[in-house]
Amino acid sequence: MKIPFLDIGKLHQPIRASLNAAYERTVDSAWFITGAELTAFEAEFAQYSQVKHCVGVGNGLDALELLLRAYGIGPGDEVIVPSNTFVATWLAVTHCGATPVPVEPDIRTHNMDPSKIAAAITSKTRAVMPVHLYGQPADMDPINAVAAEFGLIVIEDAAQSQGALYNGRRAGSLGHAAGTSFYPGKNLGALGDGGAVLTSDDGIAAKVRELRNYGSVIKYKHDNVGYNSRLDELQAAFLRVKLEKLDEWNEERRRIADLYTELLQPAGVTLPEVSEGVASVWHLYVIRSEARDALQAHLAQLGVGTVIHYPIPPHKQGCYPEYSGFELPISDLLASQVLSLPMFPGLTDRQVEYVADAIQKFR
Ligand SMILES: *Cc1c(COP(=O)(O)O)cnc(C)c1O
């Protein structure tokens with residue numbers, strides 16, 4: 001049997017007619033940037049995310065960068081980020097001219113450890129940017145508490161967590177503002193690049209709207225040195241179709257994760273843990289193994305596609321030589337052990353059983 005890591009084609013098959021209709025509607029409107037589809041999607045996704053404003057932008061990295069800029073964060077400022085994340089979280093900070101300050105994760109959840117934040121705060125710290133990694137919200141109550149104590153802005157990186165819940169509240173509504181991504185492989189993915197800022201702060205939403213559009217509110221009047229970063233009409237139209245399916249898809253991911261967890265109990269690998277009060281949307285199902293590379297090769301031989309998220313932590317990347325001497329042992333350990341199993345709506349029980357069986361056979 002051949003089981004891909006991700007099959008977006010299978011996801012789209014049942015909604016093909018609706019995607020085609022969205023495409024035709026946009027072509028017929030002959031309006032492609034900042035129009036009715038974007039306005040409608042922003043309202044729908046804001047409501048879904050339990051925030052007042054959604055501002056569609058070009059991608060997730062831009063969402064985070066425009067947010068940091070909207071808060072006036074720049075050179076001389078420090079932003080606390082997870083040491084264990086996709087590099088884009090750090091890049092957003094660097095692009096603003098600010099300095100990322102890494103904090104290690106809780107090894108059980110892979111998310112930022114709130115008890116380690118206070119020690120990373122200096123007089124230059126302006127914000128903390130927790131990531132809801134693999135679809136599981138970070139432990140936001142203690143993060144918000146430390147941030148409040150030190151007067152920090154809390155910006156969620158919600159790129160992997162559309163629909164996830166923390167004590168009944170949506171990821172993306174848990175801090176001052178959030179950036180999310182509609183990269184095709186995310187839980188809510190466009191058919192191209194896309195992203196959004198989520199916030200209930202009127203002033204920040206207005207500022208991001210200005211920044212995404214050349215720093216302009218009134219056409220050809222520019223009060224800020226802005227960007228061109230808008231979620232286009234076609235992607236907004238596709239996302240409206242896919243948003244209607246998001247809860248159903250996330251439910252399916254949950255069912256697949258539960259089946260993996262049940263079948264892999266005796267498999268000699270470390271299984272992902274979900275904290276109390278949290279509903280993960282299982283963007284990824286990530287196991288750990290001390291023999292990760294051999295396990296991955298074994299699975300590939302049996303036709304099972306897997307991916308490592310992430311093989312090189314940001315502090316070891318070539319783009320960040322100034323961090324190469326940092327001691328971040330938990331992130332280093334995770335990078336050497338993590339393995340993401342096939343996970344997407346449409347993955348059948350038989351396929352999950354095949355993957356679990358293939359892992360059992362690895363000795
Ligand atoms: C995907 C992702 C981003 C960046 O989103 P893009 O749309 O690809 O720019 C940022 N942070 C995390 C955690 C991500 O997974």
# chains A, B, ... in the order shown; residues from 1 in each chain; ligands from 1
>>> select_by_dssp(residues="region 97-137 of chain A", states="strand (DSSP E or B)", output="MDAnalysis selection string")
chainID A and resid 99:103 105 112 125:128 131
>>> write_last_selection(atoms="N, CA and C atoms", output="PDB file, in the first residue's frame")
ATOM      1  N   THR A  99      14.608  41.734  17.742  1.00  0.00           N
ATOM      2  CA  THR A  99      15.428  40.558  18.041  1.00  0.00           C
ATOM      3  C   THR A  99      14.579  39.437  18.625  1.00  0.00           C
ATOM      4  N   PRO A 100      14.589  38.249  17.982  1.00  0.00           N
ATOM      5  CA  PRO A 100      13.886  37.108  18.582  1.00  0.00           C
ATOM      6  C   PRO A 100      14.660  36.575  19.781  1.00  0.00           C
ATOM      7  N   VAL A 101      13.957  36.339  20.880  1.00  0.00           N
ATOM      8  CA  VAL A 101      14.573  35.757  22.079  1.00  0.00           C
ATOM      9  C   VAL A 101      13.887  34.415  22.335  1.00  0.00           C
ATOM     10  N   PRO A 102      14.628  33.310  22.120  1.00  0.00           N
ATOM     11  CA  PRO A 102      13.984  31.995  22.197  1.00  0.00           C
ATOM     12  C   PRO A 102      13.731  31.506  23.613  1.00  0.00           C
ATOM     13  N   VAL A 103      12.587  30.837  23.779  1.00  0.00           N
ATOM     14  CA  VAL A 103      12.235  30.169  25.027  1.00  0.00           C
ATOM     15  C   VAL A 103      11.916  28.710  24.704  1.00  0.00           C
ATOM     16  N   PRO A 105      10.544  24.741  24.829  1.00  0.00           N
ATOM     17  CA  PRO A 105       9.203  24.164  24.984  1.00  0.00           C
ATOM     18  C   PRO A 105       9.092  23.215  26.175  1.00  0.00           C
ATOM     19  N   MET A 112       5.683  26.341  23.795  1.00  0.00           N
ATOM     20  CA  MET A 112       6.438  27.219  24.690  1.00  0.00           C
ATOM     21  C   MET A 112       6.091  26.957  26.155  1.00  0.00           C
ATOM     22  N   THR A 125      12.157  43.911  26.156  1.00  0.00           N
ATOM     23  CA  THR A 125      11.106  42.996  25.681  1.00  0.00           C
ATOM     24  C   THR A 125       9.797  43.744  25.458  1.00  0.00           C
ATOM     25  N   ARG A 126       9.221  43.571  24.276  1.00  0.00           N
ATOM     26  CA  ARG A 126       7.951  44.243  23.966  1.00  0.00           C
ATOM     27  C   ARG A 126       6.796  43.264  23.808  1.00  0.00           C
ATOM     28  N   ALA A 127       7.092  42.045  23.344  1.00  0.00           N
ATOM     29  CA  ALA A 127       6.003  41.127  23.009  1.00  0.00           C
ATOM     30  C   ALA A 127       6.441  39.690  23.212  1.00  0.00           C
ATOM     31  N   VAL A 128       5.441  38.824  23.307  1.00  0.00           N
ATOM     32  CA  VAL A 128       5.693  37.383  23.327  1.00  0.00           C
ATOM     33  C   VAL A 128       4.821  36.767  22.233  1.00  0.00           C
ATOM     34  N   VAL A 131       3.380  29.984  19.726  1.00  0.00           N
ATOM     35  CA  VAL A 131       2.895  29.263  18.541  1.00  0.00           C
ATOM     36  C   VAL A 131       2.036  28.105  19.022  1.00  0.00           C
TER      37      VAL A 131
END
>>> residues_near_ligand(ligand="ligand 1", cutoff="10 Å", atoms="only C-alpha atoms and all ligand atoms", output="compact mmCIF listing (two decimals) with N, CA and C atoms, in the first residue's frame")
# COMPACT_ATOMS: atom_id res chain seq x y z
N VAL A 57 -4.36 38.94 4.39
CA VAL A 57 -3.07 39.40 3.85
C VAL A 57 -2.47 38.32 2.95
N GLY A 58 -1.28 38.59 2.44
CA GLY A 58 -0.68 37.74 1.41
C GLY A 58 -0.27 36.35 1.88
N ASN A 59 0.15 36.22 3.13
CA ASN A 59 0.61 34.93 3.67
C ASN A 59 0.76 35.05 5.18
N GLY A 60 1.10 33.93 5.82
CA GLY A 60 1.20 33.92 7.27
C GLY A 60 2.37 34.73 7.81
N LEU A 61 3.48 34.66 7.10
CA LEU A 61 4.65 35.43 7.52
C LEU A 61 4.33 36.93 7.52
N ASP A 62 3.68 37.40 6.46
CA ASP A 62 3.29 38.81 6.41
C ASP A 62 2.32 39.16 7.53
N ALA A 63 1.40 38.25 7.83
CA ALA A 63 0.42 38.52 8.90
C ALA A 63 1.16 38.84 10.20
N LEU A 64 2.17 38.02 10.53
CA LEU A 64 2.92 38.23 11.77
C LEU A 64 3.75 39.50 11.71
N PRO A 82 9.09 30.94 20.54
CA PRO A 82 9.47 29.57 20.89
C PRO A 82 10.77 29.19 20.18
N ASN A 84 11.30 26.21 19.48
CA ASN A 84 10.86 25.06 18.69
C ASN A 84 9.66 25.47 17.84
N THR A 85 9.94 25.95 16.63
CA THR A 85 8.86 26.40 15.74
C THR A 85 9.35 26.41 14.30
N PHE A 86 8.41 26.61 13.38
CA PHE A 86 8.80 26.86 11.99
C PHE A 86 9.49 28.23 11.95
N VAL A 87 10.51 28.33 11.12
CA VAL A 87 11.39 29.50 11.13
C VAL A 87 10.64 30.82 10.88
N ALA A 88 9.46 30.77 10.25
CA ALA A 88 8.72 32.00 9.93
C ALA A 88 8.39 32.83 11.16
N THR A 89 8.16 32.17 12.30
CA THR A 89 7.87 32.90 13.54
C THR A 89 9.02 33.85 13.86
N TRP A 90 10.24 33.37 13.72
CA TRP A 90 11.44 34.18 13.98
C TRP A 90 11.63 35.21 12.87
N LEU A 91 11.41 34.79 11.61
CA LEU A 91 11.64 35.70 10.49
C LEU A 91 10.80 36.96 10.60
N ALA A 92 9.56 36.82 11.07
CA ALA A 92 8.68 37.99 11.19
C ALA A 92 9.32 39.03 12.11
N PRO A 130 3.67 33.24 21.24
CA PRO A 130 3.51 31.78 21.33
C PRO A 130 2.98 31.21 20.02
N VAL A 131 3.38 29.98 19.73
CA VAL A 131 2.90 29.26 18.54
C VAL A 131 2.04 28.11 19.02
N HIS A 132 0.90 27.89 18.37
CA HIS A 132 0.07 26.72 18.69
C HIS A 132 0.52 25.59 17.77
N LEU A 133 1.62 24.95 18.18
CA LEU A 133 2.32 24.04 17.28
C LEU A 133 1.54 22.74 17.06
N TYR A 134 1.54 22.29 15.83
CA TYR A 134 0.91 21.02 15.42
C TYR A 134 -0.61 21.03 15.63
N GLY A 135 -1.20 22.21 15.91
CA GLY A 135 -2.65 22.29 16.09
C GLY A 135 -3.11 22.34 17.53
N GLU A 156 -0.35 35.72 18.94
CA GLU A 156 -0.37 34.27 18.68
C GLU A 156 0.04 34.00 17.25
N ASP A 157 0.91 33.00 17.08
CA ASP A 157 1.15 32.44 15.74
C ASP A 157 0.18 31.27 15.62
N ALA A 158 -0.96 31.54 14.95
CA ALA A 158 -2.05 30.56 14.86
C ALA A 158 -2.09 29.90 13.48
N ALA A 159 -0.91 29.78 12.85
CA ALA A 159 -0.85 29.25 11.48
C ALA A 159 -1.26 27.79 11.40
N GLN A 160 -1.07 27.04 12.51
CA GLN A 160 -1.33 25.60 12.46
C GLN A 160 -2.57 25.21 13.25
N SER A 161 -3.37 26.18 13.65
CA SER A 161 -4.38 25.87 14.68
C SER A 161 -5.78 26.39 14.38
N GLY A 179 -1.68 36.00 14.06
CA GLY A 179 -1.45 35.86 12.63
C GLY A 179 -1.72 34.41 12.26
N THR A 180 -2.37 34.19 11.11
CA THR A 180 -2.60 32.82 10.66
C THR A 180 -2.24 32.70 9.19
N SER A 181 -2.13 31.45 8.73
CA SER A 181 -1.69 31.18 7.36
C SER A 181 -2.69 30.29 6.65
N PHE A 182 -2.92 30.57 5.37
CA PHE A 182 -3.76 29.71 4.55
C PHE A 182 -2.94 28.99 3.48
N TYR A 183 -1.66 28.78 3.77
CA TYR A 183 -0.83 27.92 2.92
C TYR A 183 -1.62 26.63 2.66
N PRO A 184 -1.54 26.08 1.43
CA PRO A 184 -2.42 24.96 1.08
C PRO A 184 -2.41 23.79 2.07
N GLY A 185 -1.29 23.53 2.72
CA GLY A 185 -1.22 22.39 3.62
C GLY A 185 -1.77 22.64 5.01
N LYS A 186 -2.18 23.87 5.34
CA LYS A 186 -2.70 24.13 6.69
C LYS A 186 -4.12 23.58 6.82
N GLY A 189 -6.67 25.74 4.23
CA GLY A 189 -5.69 26.11 3.22
C GLY A 189 -6.35 26.68 1.98
N ALA A 190 -5.72 27.69 1.40
CA ALA A 190 -6.19 28.24 0.13
C ALA A 190 -5.64 27.38 -1.02
N GLY A 192 -3.35 28.45 -2.93
CA GLY A 192 -2.19 29.29 -3.18
C GLY A 192 -1.79 29.87 -1.84
N ASP A 193 -1.01 30.94 -1.84
CA ASP A 193 -0.63 31.56 -0.57
C ASP A 193 -1.75 32.46 -0.04
N GLY A 194 -1.79 32.59 1.27
CA GLY A 194 -2.75 33.49 1.90
C GLY A 194 -2.50 33.53 3.39
N GLY A 195 -3.02 34.55 4.05
CA GLY A 195 -2.89 34.65 5.50
C GLY A 195 -3.86 35.68 6.02
N ALA A 196 -3.91 35.80 7.36
CA ALA A 196 -4.81 36.79 7.95
C ALA A 196 -4.33 37.19 9.33
N HIS A 283 -3.15 19.49 13.27
CA HIS A 283 -2.50 19.87 12.00
C HIS A 283 -1.50 18.78 11.62
N HIS A 309 9.04 17.71 11.14
CA HIS A 309 8.72 19.11 11.47
C HIS A 309 9.30 19.44 12.84
>>> closest_residue(among="A:Val154, A:Ala148, A:Gly35, A:Pro342", to="Ile80 (chain A)", atoms="only C-alpha atoms")
A:Val154
>>> select_by_dssp(residues="region 83-272 of chain A", states="helix (DSSP H, G or I)", output="JSON, numbers by chain")
{"A": [88, 89, 90, 91, 92, 93, 94, 95, 114, 115, 116, 118, 119, 120, 133, 134, 135, 140, 141, 142, 143, 144, 145, 146, 147, 148, 149, 150, 202, 203, 204, 205, 206, 207, 208, 209, 210, 211, 212, 233, 234, 235, 236, 237, 238, 239, 240, 241, 242, 243, 246, 247, 248, 249, 250, 251, 252, 253, 254, 255, 256, 257, 258, 259, 260, 261, 262, 263]}
>>> residues_around(residues="Gln162 (chain A)", least_positions_apart="4", cutoff="7 Å", atoms="only C-alpha atoms", output="list in words")
Ala158, Ala171, Asn187 and Leu188 of chain A
>>> write_last_selection(atoms="C-alpha atoms", output="PDB file, in the first residue's frame")
ATOM      1  CA  ALA A 158      -2.046  30.559  14.859  1.00  0.00           C
ATOM      2  CA  ALA A 171      -7.012  29.801  18.893  1.00  0.00           C
ATOM      3  CA  ASN A 187      -5.991  23.003   8.230  1.00  0.00           C
ATOM      4  CA  LEU A 188      -7.730  25.855   6.404  1.00  0.00           C
TER       5      LEU A 188
END
>>> residues_around(residues="Leu302 (chain A)", least_positions_apart="3", cutoff="10 Å", atoms="only C-alpha atoms", output="count of residues only")
12
>>> closest_residue(among="A:Leu259, A:Ile155, A:Leu334, A:Ala237", to="Ser289 (chain A)", atoms="only C-alpha atoms")
A:Leu334
>>> closest_residue(among="A:Cys319, A:Val307, A:Val352, A:Met343", to="Tyr260 (chain A)", atoms="only C-alpha atoms")
A:Val352
>>> atom_distance(atom1="CA of Pro345 (chain A)", atom2="CA of Asp106 (chain A)")
28.0 Å
>>> residues_around(residues="Phe45 (chain A)", least_positions_apart="3", cutoff="12 Å", atoms="only C-alpha atoms", output="JSON, numbers by chain")
{"A": [37, 38, 39, 40, 41, 42, 48, 49, 50, 51, 52, 53, 54, 55, 56, 162, 163, 170, 172, 173, 180, 182, 188, 195, 196, 197, 198, 199, 236, 239, 240, 241, 242, 243, 244, 246]}
>>> write_last_selection(atoms="N, CA, C and O atoms", output="compact mmCIF listing (two decimals), in the first residue's frame")
# COMPACT_ATOMS: atom_id res chain seq x y z
N GLU A 37 -15.56 39.32 -2.15
CA GLU A 37 -15.22 38.00 -1.61
C GLU A 37 -14.35 38.15 -0.36
O GLU A 37 -14.55 37.46 0.63
N LEU A 38 -13.38 39.05 -0.42
CA LEU A 38 -12.50 39.25 0.73
C LEU A 38 -13.30 39.79 1.91
O LEU A 38 -13.16 39.31 3.04
N THR A 39 -14.14 40.79 1.65
CA THR A 39 -14.95 41.37 2.73
C THR A 39 -15.81 40.30 3.38
O THR A 39 -15.91 40.21 4.61
N ALA A 40 -16.43 39.44 2.55
CA ALA A 40 -17.30 38.39 3.10
C ALA A 40 -16.48 37.37 3.89
O ALA A 40 -16.86 36.99 5.00
N PHE A 41 -15.34 36.96 3.32
CA PHE A 41 -14.52 35.97 4.03
C PHE A 41 -14.02 36.54 5.36
O PHE A 41 -14.03 35.84 6.39
N GLU A 42 -13.59 37.79 5.34
CA GLU A 42 -13.09 38.39 6.59
C GLU A 42 -14.17 38.38 7.68
O GLU A 42 -13.88 38.07 8.84
N TYR A 48 -16.05 33.12 13.01
CA TYR A 48 -15.63 31.76 13.34
C TYR A 48 -14.55 31.78 14.42
O TYR A 48 -14.54 30.95 15.33
N SER A 49 -13.63 32.73 14.31
CA SER A 49 -12.48 32.79 15.22
C SER A 49 -12.76 33.53 16.52
O SER A 49 -11.87 33.70 17.34
N GLN A 50 -14.00 33.98 16.70
CA GLN A 50 -14.42 34.68 17.93
C GLN A 50 -13.63 35.95 18.17
O GLN A 50 -13.23 36.26 19.30
N VAL A 51 -13.35 36.70 17.08
CA VAL A 51 -12.72 38.02 17.21
C VAL A 51 -13.54 39.03 16.40
O VAL A 51 -14.34 38.65 15.56
N LYS A 52 -13.26 40.32 16.65
CA LYS A 52 -14.01 41.37 15.96
C LYS A 52 -13.53 41.55 14.52
O LYS A 52 -14.33 41.83 13.63
N HIS A 53 -12.22 41.42 14.30
CA HIS A 53 -11.67 41.73 12.98
C HIS A 53 -10.81 40.61 12.42
O HIS A 53 -9.98 40.05 13.14
N CYS A 54 -10.99 40.36 11.12
CA CYS A 54 -10.06 39.55 10.35
C CYS A 54 -9.58 40.43 9.20
O CYS A 54 -10.39 41.07 8.53
N VAL A 55 -8.27 40.49 9.00
CA VAL A 55 -7.71 41.27 7.89
C VAL A 55 -6.90 40.31 7.02
O VAL A 55 -5.86 39.80 7.45
N GLY A 56 -7.38 40.05 5.81
CA GLY A 56 -6.71 39.10 4.92
C GLY A 56 -5.44 39.70 4.33
O GLY A 56 -5.45 40.82 3.83
N GLN A 162 -6.14 26.51 13.09
CA GLN A 162 -7.49 27.04 12.79
C GLN A 162 -8.57 26.11 13.33
O GLN A 162 -8.66 24.96 12.92
N GLY A 163 -9.35 26.62 14.26
CA GLY A 163 -10.45 25.85 14.83
C GLY A 163 -10.13 25.26 16.20
O GLY A 163 -11.04 24.80 16.89
N ARG A 170 -11.47 29.98 20.86
CA ARG A 170 -10.72 29.67 19.65
C ARG A 170 -9.27 30.15 19.71
O ARG A 170 -8.99 31.27 20.17
N GLY A 172 -6.37 32.03 18.20
CA GLY A 172 -6.47 33.25 17.41
C GLY A 172 -7.25 34.34 18.13
O GLY A 172 -7.23 35.50 17.73
N SER A 173 -7.94 33.93 19.23
CA SER A 173 -8.69 34.92 20.02
C SER A 173 -8.12 35.00 21.44
O SER A 173 -8.73 35.59 22.31
N THR A 180 -2.37 34.19 11.11
CA THR A 180 -2.60 32.82 10.66
C THR A 180 -2.24 32.70 9.19
O THR A 180 -2.02 33.71 8.51
N PHE A 182 -2.92 30.57 5.37
CA PHE A 182 -3.76 29.71 4.55
C PHE A 182 -2.94 28.99 3.48
O PHE A 182 -3.44 28.66 2.41
N LEU A 188 -6.92 25.07 7.33
CA LEU A 188 -7.73 25.85 6.40
C LEU A 188 -6.77 26.42 5.36
O LEU A 188 -6.12 27.43 5.59
N GLY A 195 -3.02 34.55 4.05
CA GLY A 195 -2.89 34.65 5.50
C GLY A 195 -3.86 35.68 6.02
O GLY A 195 -4.58 36.33 5.25
N ALA A 196 -3.91 35.80 7.36
CA ALA A 196 -4.81 36.79 7.95
C ALA A 196 -4.33 37.19 9.33
O ALA A 196 -3.67 36.41 10.02
N VAL A 197 -4.71 38.42 9.68
CA VAL A 197 -4.54 38.91 11.04
C VAL A 197 -5.89 38.82 11.73
O VAL A 197 -6.92 39.15 11.11
N LEU A 198 -5.90 38.36 12.97
CA LEU A 198 -7.13 38.29 13.76
C LEU A 198 -6.93 39.15 15.00
O LEU A 198 -5.90 39.03 15.68
N THR A 199 -7.90 40.00 15.31
CA THR A 199 -7.80 40.80 16.53
C THR A 199 -9.15 41.42 16.86
O THR A 199 -9.99 41.61 15.97
N ALA A 236 -9.88 34.22 -1.45
CA ALA A 236 -10.94 34.46 -0.46
C ALA A 236 -12.18 33.66 -0.83
O ALA A 236 -12.84 33.06 0.04
N LEU A 239 -11.53 30.08 0.02
CA LEU A 239 -11.50 29.89 1.48
C LEU A 239 -12.91 29.91 2.07
O LEU A 239 -13.18 29.21 3.06
N ARG A 240 -13.83 30.67 1.47
CA ARG A 240 -15.22 30.69 1.98
C ARG A 240 -15.83 29.30 1.83
O ARG A 240 -16.55 28.84 2.71
N VAL A 241 -15.54 28.65 0.71
CA VAL A 241 -16.04 27.28 0.50
C VAL A 241 -15.43 26.34 1.54
O VAL A 241 -16.13 25.54 2.17
N LYS A 242 -14.13 26.46 1.75
CA LYS A 242 -13.43 25.50 2.62
C LYS A 242 -13.71 25.75 4.10
O LYS A 242 -13.71 24.82 4.90
N LEU A 243 -13.98 27.02 4.46
CA LEU A 243 -14.30 27.34 5.87
C LEU A 243 -15.54 26.57 6.31
O LEU A 243 -15.64 26.13 7.47
N GLU A 244 -16.50 26.40 5.40
CA GLU A 244 -17.73 25.68 5.75
C GLU A 244 -17.44 24.23 6.13
O GLU A 244 -18.23 23.60 6.83
N LEU A 246 -14.49 23.26 7.60
CA LEU A 246 -13.36 23.17 8.54
C LEU A 246 -13.66 22.33 9.78
O LEU A 246 -12.86 21.47 10.16
>>> closest_residue(among="A:Asn213, A:Gln47, A:Ser324, A:Ser275", to="His110 (chain A)", atoms="only C-alpha atoms")
A:Ser275
>>> residues_around(residues="Arg288 (chain A)", least_positions_apart="5", cutoff="10 Å", atoms="only C-alpha atoms", output="PDB file with N, CA and C atoms, in the first residue's frame")
ATOM      1  N   GLY A 268       6.467   1.371  21.161  1.00  0.00           N
ATOM      2  CA  GLY A 268       7.838   1.759  21.488  1.00  0.00           C
ATOM      3  C   GLY A 268       8.233   3.124  20.961  1.00  0.00           C
ATOM      4  N   VAL A 269       7.232   3.972  20.647  1.00  0.00           N
ATOM      5  CA  VAL A 269       7.517   5.356  20.257  1.00  0.00           C
ATOM      6  C   VAL A 269       6.781   6.269  21.222  1.00  0.00           C
ATOM      7  N   THR A 270       7.238   7.536  21.331  1.00  0.00           N
ATOM      8  CA  THR A 270       6.566   8.487  22.216  1.00  0.00           C
ATOM      9  C   THR A 270       5.426   9.143  21.446  1.00  0.00           C
ATOM     10  N   LEU A 271       4.222   9.083  22.012  1.00  0.00           N
ATOM     11  CA  LEU A 271       3.040   9.615  21.327  1.00  0.00           C
ATOM     12  C   LEU A 271       2.772  11.055  21.758  1.00  0.00           C
ATOM     13  N   PRO A 272       2.090  11.828  20.914  1.00  0.00           N
ATOM     14  CA  PRO A 272       1.805  13.216  21.283  1.00  0.00           C
ATOM     15  C   PRO A 272       0.833  13.296  22.462  1.00  0.00           C
ATOM     16  N   LEU A 333      16.898  18.216  20.900  1.00  0.00           N
ATOM     17  CA  LEU A 333      16.453  16.835  21.072  1.00  0.00           C
ATOM     18  C   LEU A 333      15.218  16.558  20.198  1.00  0.00           C
ATOM     19  N   LEU A 334      14.251  17.466  20.250  1.00  0.00           N
ATOM     20  CA  LEU A 334      13.025  17.267  19.455  1.00  0.00           C
ATOM     21  C   LEU A 334      13.361  17.180  17.971  1.00  0.00           C
ATOM     22  N   ALA A 335      14.248  18.054  17.511  1.00  0.00           N
ATOM     23  CA  ALA A 335      14.599  18.053  16.079  1.00  0.00           C
ATOM     24  C   ALA A 335      15.196  16.719  15.656  1.00  0.00           C
ATOM     25  N   SER A 336      15.836  16.018  16.609  1.00  0.00           N
ATOM     26  CA  SER A 336      16.478  14.752  16.257  1.00  0.00           C
ATOM     27  C   SER A 336      15.527  13.561  16.377  1.00  0.00           C
ATOM     28  N   GLN A 337      14.346  13.785  16.991  1.00  0.00           N
ATOM     29  CA  GLN A 337      13.452  12.639  17.273  1.00  0.00           C
ATOM     30  C   GLN A 337      12.074  12.710  16.640  1.00  0.00           C
ATOM     31  N   VAL A 338      11.611  13.890  16.224  1.00  0.00           N
ATOM     32  CA  VAL A 338      10.210  13.995  15.789  1.00  0.00           C
ATOM     33  C   VAL A 338       9.990  13.422  14.390  1.00  0.00           C
ATOM     34  N   LEU A 339       8.786  12.884  14.202  1.00  0.00           N
ATOM     35  CA  LEU A 339       8.377  12.365  12.904  1.00  0.00           C
ATOM     36  C   LEU A 339       6.862  12.544  12.755  1.00  0.00           C
ATOM     37  N   SER A 340       6.450  13.201  11.674  1.00  0.00           N
ATOM     38  CA  SER A 340       5.021  13.445  11.440  1.00  0.00           C
ATOM     39  C   SER A 340       4.456  12.354  10.543  1.00  0.00           C
TER      40      SER A 340
END
>>> closest_residue(among="A:Asp201, A:Glu322, A:Glu210, A:Glu273", to="Arg108 (chain A)", atoms="only C-alpha atoms")
A:Glu273
>>> closest_residue(among="A:Thr261, A:Ser216, A:Gln351, A:Asn111", to="Tyr285 (chain A)", atoms="only C-alpha atoms")
A:Thr261
>>> atom_distance(atom1="CA of Arg254 (chain A)", atom2="CA of Tyr310 (chain A)")
22.0 Å
>>> atom_distance(atom1="CA of Pro137 (chain A)", atom2="CA of Ala279 (chain A)")
7.8 Å
>>> residues_around(residues="Asn20 (chain A)", least_positions_apart="4", cutoff="12 Å", atoms="only C-alpha atoms", output="PyMOL selection string")
chain A and resi 12-16+24-27+191+234+237-238+241
>>> write_last_selection(atoms="C-alpha atoms", output="CSV table (one decimal), in the first residue's frame")
chain,number,residue,atom,x,y,z
A,12,HIS,CA,-10.8,18.8,-2.6
A,13,GLN,CA,-12.6,16.1,-4.5
A,14,PRO,CA,-16.0,16.3,-2.7
A,15,ILE,CA,-16.1,20.1,-2.9
A,16,ARG,CA,-14.9,20.4,-6.5
A,24,GLU,CA,-16.5,31.3,-12.0
A,25,ARG,CA,-18.1,33.8,-9.7
A,26,THR,CA,-14.8,35.6,-9.3
A,27,VAL,CA,-14.0,35.5,-13.0
A,191,LEU,CA,-5.3,27.1,-3.4
A,234,LEU,CA,-10.0,34.2,-5.8
A,237,ALA,CA,-13.7,32.8,-2.6
A,238,PHE,CA,-12.0,29.4,-2.3
A,241,VAL,CA,-16.0,27.3,0.5
>>> decode(residues="region 52-81 of chain A", atoms="C-alpha atoms", output="CSV table (one decimal), in the first residue's frame")
chain,number,residue,atom,x,y,z
A,52,LYS,CA,-14.0,41.4,16.0
A,53,HIS,CA,-11.7,41.7,13.0
A,54,CYS,CA,-10.1,39.5,10.4
A,55,VAL,CA,-7.7,41.3,7.9
A,56,GLY,CA,-6.7,39.1,4.9
A,57,VAL,CA,-3.1,39.4,3.9
A,58,GLY,CA,-0.7,37.7,1.4
A,59,ASN,CA,0.6,34.9,3.7
A,60,GLY,CA,1.2,33.9,7.3
A,61,LEU,CA,4.6,35.4,7.5
A,62,ASP,CA,3.3,38.8,6.4
A,63,ALA,CA,0.4,38.5,8.9
A,64,LEU,CA,2.9,38.2,11.8
A,65,GLU,CA,5.2,40.9,10.4
A,66,LEU,CA,2.5,43.5,9.8
A,67,LEU,CA,1.1,42.8,13.3
A,68,LEU,CA,4.5,43.5,14.9
A,69,ARG,CA,4.8,46.7,12.8
A,70,ALA,CA,1.3,47.7,13.7
A,71,TYR,CA,2.3,47.5,17.4
A,72,GLY,CA,5.3,49.7,16.5
A,73,ILE,CA,7.9,47.0,17.3
A,74,GLY,CA,11.2,47.5,15.6
A,75,PRO,CA,15.0,47.9,16.1
A,76,GLY,CA,16.1,47.8,19.7
A,77,ASP,CA,13.1,45.7,20.7
A,78,GLU,CA,13.0,42.1,21.8
A,79,VAL,CA,10.3,39.6,21.1
A,80,ILE,CA,10.0,36.3,22.9
A,81,VAL,CA,9.5,33.4,20.5
